[in-house]
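K.L.:
To start, I am sharing the structure in question, which I have written as structure tokens.
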Amino acid sequence: MTRQAHIMRPAVSPSVRGGLNDGPRGSIVMPWPINRAMTRSWKDIQLKNITSKSLFQLRGRLLAGVMMALPLAGVLPVHGAYAADQLGEKVGAALQKAQTELAVKKYPQAMADVDAADAVTGKSEYESYTIAQMRAAVAAQSGNVPAAISAYDTLIASPRTPAATREQMALAEGSMAFTAKDYPTAITVTEKYIKAGGKNPQMLTILIQAYYLQHDYANAARVQQAQIDATIKAGGKPTENQLQLLAACQAQLKDNAALTKTYVLLATYYPKPDYWAQVVHSVLSNPNMAPGLRLDIDRVRLESGLVKTSAEYMDITELAMQAGLPQLALDIINQGYSTGVLGHDASAPREEKLKALVTQSVADRKAGLDAAAAQATTGNAMLTAGYNYVLFGQGDKGIALMQQGIAKGPSDVNIARLHLGLAQAAAGQKDAAIATFNSVEGTNGARDIAQFWVLKLNSAAVAAH
């Protein structure tokens, strides 16, 4: 009696698992360096499912054709085109013995039997294929990674092996090499699989993590970035672990620009305060930050959910008032109430008094805005009046006036462009806002803040899709 060989498919799912405290009120430089905040060791980004225990438990199922019983000299049906293939008596007897030894985990004896079968002269192509199957079975179950990979390579190259089975064998090769910590071999077999057109995401995960564990952060980042980009392009959502691993690579490479973008994606798809805190930290770490950007710094912190206390909300509201933007001040204090930070403790009377003052200032500014705009003769005054028009719902009129103010010559053209971009974003002119933000230059921090808003606007578009 003969039995057909079976290919068992592995079910390996490799994955990785991967804050930051805000600085003192009003501080510009965050309290500790970006690399400490963003760099994670492999202890923090651990493999959850690719472990020696889990994979070696699967050895018995990562076989390329385990025979339940081999005939001494009979027909072993495989596929229709090879239905007449037969094992000769010498090869069949040796493989029958190997299978018996394998069943009781006598791996050296089983491999010796396979070698004996292989030593038979005049073997048919079918016999060589069957010997490779049994060699793969013995090597995989015994943990002999080089021998298993060599046997799998033979089977993968054979036209007898179906395409779907080749993919499972390639996964077995990569998984075994990775588990054995033979990362170069894991990289070689997975790259070969991918170059041949393989699409199994588990193989990509093995490749990325093998690169990472060899400290080849550039290649790990390259492959991980490509996988993330492809997922987003297809309308999917990258996993949090994929993004965390990419961030870890970029931190090791000290590529802070790319790292910030990755944390924007993390904050977009997995909105946690820590992720936006990382983004804000990188933006606000400029040691040359201009004092005139203090309100803009606080607006970044507000946007990122990092403003938590009533004192902070009150201070930022007062800064907006001092900047001549009462509607912005009202929006900020109202946000404090809507989040439940304001209006319920011993400071509530003072908060109500400030809100009343801001509300009255909004009415006064709105009533006198046309007169103020007509009297604006400096670039700064035009910018303030124009921004107020935008905040009061007259976007086109306000933006035009702000552009005139920039042409007139403000005290700092880059801060002026930053504020124009904010006004365009508030008016719903996203593309124009991004173009204006990208025109901000210099080293005083205005460009860093502008790029934060570019990332924020683009992340909103990503989230919408």
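Simple scheme: letters A, B, ... for chains in structure tokens order, numbers from 1 for residues in each chain, numbers from 1 for ligands in the order shown.
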Would you list the contacts of segment 116-129 of chain A as a list of chain:residue names, taking every protein, DNA or RNA residue within 6 Å and counting only C-alpha atoms, but skipping same-chain residues closer than 6 positions in sequence?
P.N.:
A:Leu87, A:Val91, A:Ala94
K.L.:
Name the residues in contact with segment 314-330 of chain A at a cut-off of 10 Å, using only C-alpha atoms, excluding same-chain residues fewer than 4 positions from it; report them as a PyMOL selection string.
P.N.:
chain A and resi 25-26+292+294-299+302+307+309-310+334-336+342+350-351+354-366+381+384-385+387-392
K.L.:
Using N, CA and C atoms, can you export the residues from the last selection as a short mmCIF file (atom, residue, chain, number, x, y, z; two decimals), in the first residue's frame?
P.N.:
```cif
data_model
loop_
_atom_site.label_atom_id
_atom_site.label_comp_id
_atom_site.auth_asym_id
_atom_site.auth_seq_id
_atom_site.Cartn_x
_atom_site.Cartn_y
_atom_site.Cartn_z
N ARG A 25 6.60 74.91 31.78
CA ARG A 25 5.74 75.87 31.10
C ARG A 25 6.57 77.00 30.49
N GLY A 26 6.35 77.24 29.19
CA GLY A 26 7.04 78.32 28.52
C GLY A 26 8.40 77.96 28.00
N GLY A 292 9.70 85.49 19.63
CA GLY A 292 8.44 85.89 19.02
C GLY A 292 7.57 84.73 18.58
N ARG A 294 6.64 82.27 20.61
CA ARG A 294 6.12 81.58 21.80
C ARG A 294 4.67 81.15 21.62
N LEU A 295 3.83 82.03 21.09
CA LEU A 295 2.44 81.65 20.85
C LEU A 295 2.36 80.50 19.84
N ASP A 296 3.20 80.54 18.83
CA ASP A 296 3.19 79.49 17.81
C ASP A 296 3.62 78.15 18.40
N ILE A 297 4.58 78.19 19.32
CA ILE A 297 5.00 76.97 20.01
C ILE A 297 3.82 76.39 20.80
N ASP A 298 3.13 77.26 21.50
CA ASP A 298 2.00 76.78 22.30
C ASP A 298 0.87 76.26 21.42
N ARG A 299 0.72 76.83 20.23
CA ARG A 299 -0.32 76.33 19.33
C ARG A 299 0.03 74.92 18.84
N LEU A 302 -0.86 72.73 21.72
CA LEU A 302 -2.32 72.59 21.77
C LEU A 302 -2.81 71.58 20.74
N VAL A 307 -1.29 70.27 26.05
CA VAL A 307 -1.66 71.29 27.04
C VAL A 307 -2.69 70.67 27.98
N THR A 309 -3.13 71.77 31.70
CA THR A 309 -3.51 72.46 32.93
C THR A 309 -4.26 73.76 32.64
N SER A 310 -5.01 74.20 33.64
CA SER A 310 -5.74 75.46 33.49
C SER A 310 -4.78 76.63 33.34
N ASN A 334 -12.17 78.51 24.95
CA ASN A 334 -13.32 77.61 24.78
C ASN A 334 -12.87 76.15 24.69
N GLN A 335 -11.71 75.92 24.09
CA GLN A 335 -11.17 74.57 24.04
C GLN A 335 -10.87 74.07 25.45
N GLY A 336 -10.36 74.97 26.30
CA GLY A 336 -10.10 74.60 27.69
C GLY A 336 -11.35 74.18 28.42
N LEU A 342 -10.94 73.73 32.23
CA LEU A 342 -11.33 75.02 32.83
C LEU A 342 -12.74 74.96 33.41
N ARG A 350 -11.66 83.32 38.06
CA ARG A 350 -10.69 84.05 37.24
C ARG A 350 -10.82 83.64 35.77
N GLU A 351 -11.07 82.38 35.53
CA GLU A 351 -11.23 81.90 34.17
C GLU A 351 -12.46 82.51 33.51
N LEU A 354 -11.69 86.12 32.63
CA LEU A 354 -10.88 86.24 31.43
C LEU A 354 -11.72 85.94 30.18
N LYS A 355 -12.58 84.95 30.27
CA LYS A 355 -13.41 84.63 29.11
C LYS A 355 -14.32 85.80 28.75
N ALA A 356 -14.89 86.45 29.77
CA ALA A 356 -15.76 87.61 29.51
C ALA A 356 -14.96 88.73 28.85
N LEU A 357 -13.74 88.95 29.32
CA LEU A 357 -12.89 89.98 28.73
C LEU A 357 -12.57 89.66 27.28
N VAL A 358 -12.25 88.41 27.01
CA VAL A 358 -11.93 87.99 25.65
C VAL A 358 -13.16 88.13 24.75
N THR A 359 -14.31 87.71 25.23
CA THR A 359 -15.54 87.80 24.44
C THR A 359 -15.85 89.25 24.07
N GLN A 360 -15.69 90.15 25.02
CA GLN A 360 -15.93 91.57 24.73
C GLN A 360 -14.90 92.10 23.72
N SER A 361 -13.66 91.64 23.86
CA SER A 361 -12.62 92.07 22.93
C SER A 361 -12.91 91.60 21.52
N VAL A 362 -13.46 90.40 21.39
CA VAL A 362 -13.85 89.89 20.07
C VAL A 362 -14.88 90.82 19.42
N ALA A 363 -15.90 91.20 20.21
CA ALA A 363 -16.94 92.08 19.67
C ALA A 363 -16.36 93.44 19.28
N ASP A 364 -15.49 93.97 20.11
CA ASP A 364 -14.90 95.28 19.81
C ASP A 364 -14.02 95.21 18.57
N ARG A 365 -13.19 94.14 18.47
CA ARG A 365 -12.30 94.03 17.31
C ARG A 365 -13.09 93.83 16.03
N LYS A 366 -14.13 93.05 16.09
CA LYS A 366 -14.94 92.81 14.90
C LYS A 366 -15.59 94.10 14.43
N ALA A 381 1.15 95.36 10.96
CA ALA A 381 -0.25 95.74 11.22
C ALA A 381 -1.17 95.12 10.18
N THR A 384 -1.70 91.43 11.04
CA THR A 384 -2.61 91.22 12.17
C THR A 384 -4.05 91.45 11.75
N ALA A 385 -4.29 92.56 11.02
CA ALA A 385 -5.66 92.85 10.57
C ALA A 385 -6.16 91.76 9.64
N TYR A 387 -5.19 88.62 9.48
CA TYR A 387 -5.43 87.37 10.21
C TYR A 387 -6.77 87.45 10.95
N ASN A 388 -7.09 88.62 11.49
CA ASN A 388 -8.38 88.79 12.16
C ASN A 388 -9.54 88.61 11.20
N TYR A 389 -9.40 89.14 9.98
CA TYR A 389 -10.45 88.92 8.97
C TYR A 389 -10.68 87.42 8.76
N VAL A 390 -9.60 86.68 8.64
CA VAL A 390 -9.72 85.23 8.42
C VAL A 390 -10.42 84.57 9.59
N LEU A 391 -10.02 84.94 10.81
CA LEU A 391 -10.62 84.33 12.00
C LEU A 391 -12.09 84.71 12.16
N PHE A 392 -12.47 85.83 11.58
CA PHE A 392 -13.88 86.25 11.62
C PHE A 392 -14.67 85.75 10.41
#
```
K.L.:
List every residue of segment 172-217 of chain A that has an atom at most 10 Å from any atom of segment 138-161 of chain A, and for each one report the closest atom pair and its distance in Å to one decimal, counting only C-alpha atoms, with rows sorted by chain and then by increasing residue number, as a tab-separated table.
P.N.:
```
residue	atom	partner	partner_atom	distance
A:Ala172	CA	A:Ile149	CA	8.4
A:Glu173	CA	A:Ile149	CA	5.5
A:Gly174	CA	A:Ile149	CA	8.7
A:Ser175	CA	A:Val145	CA	9.9
A:Met176	CA	A:Val145	CA	6.3
A:Ala177	CA	A:Val145	CA	6.4
A:Phe178	CA	A:Val145	CA	9.8
A:Thr179	CA	A:Val145	CA	9.4
A:Ala180	CA	A:Val145	CA	7.4
A:Asp182	CA	A:Val145	CA	9.0
A:Thr185	CA	A:Pro146	CA	9.1
A:Val189	CA	A:Ile149	CA	8.8
```
K.L.:
Name the closest residue to Ala251 of chain A among the candidates A:Gln99, A:Thr231, A:Gln202, A:Ser282; distances are taken between atoms, counting only C-alpha atoms.
P.N.:
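The shortest atom-to-atom distance to Ala251 of chain A comes from A:Ser282.
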K.L.:
Smallest atom-to-atom distance to Ala210 of chain A: which of A:Lys181, A:Lys195, A:Lys237, A:Lys261, using only C-alpha atoms?
P.N.:
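Ranking A:Lys181, A:Lys195, A:Lys237, A:Lys261 by distance to Ala210 of chain A, first place goes to A:Lys181.
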K.L.:
Can you list, as a PyMOL selection string, every residue of segment 153-383 of chain A that DSSP puts in alpha helix (DSSP H)?
P.N.:
chain A and resi 153-157+163-179+183-195+201-213+217-233+240-252+256-269+273-283+294-303+310-322+326-338+348-367+369-375+379-383
K.L.:
So what do you get for atom CA of Ser439 of chain A versus atom CA of His419 of chain A, distance-wise?
P.N.:
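Interatomic distance here is 11.9 Å.
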K.L.:
Which residues are near Thr260 of chain A? Cut-off 12 Å, only C-alpha atoms, ignore same chain within fewer than 6 positions. Put them as a PyMOL selection string.
P.N.:
chain A and resi 34-35+37-38+243-244+246-248+250-251+254+266-267+275-284+448+451-452+454-456+459
K.L.:
Give the answer as one residue: which of A:Pro271, A:Gly305, A:Pro184, A:Pro201 has the shortest atom-to-atom distance to Leu213 of chain A, using only C-alpha atoms?
P.N.:
A:Pro184
K.L.:
How many Å separate atom CA of Val223 of chain A from atom CA of Ile208 of chain A?
P.N.:
6.3 Å
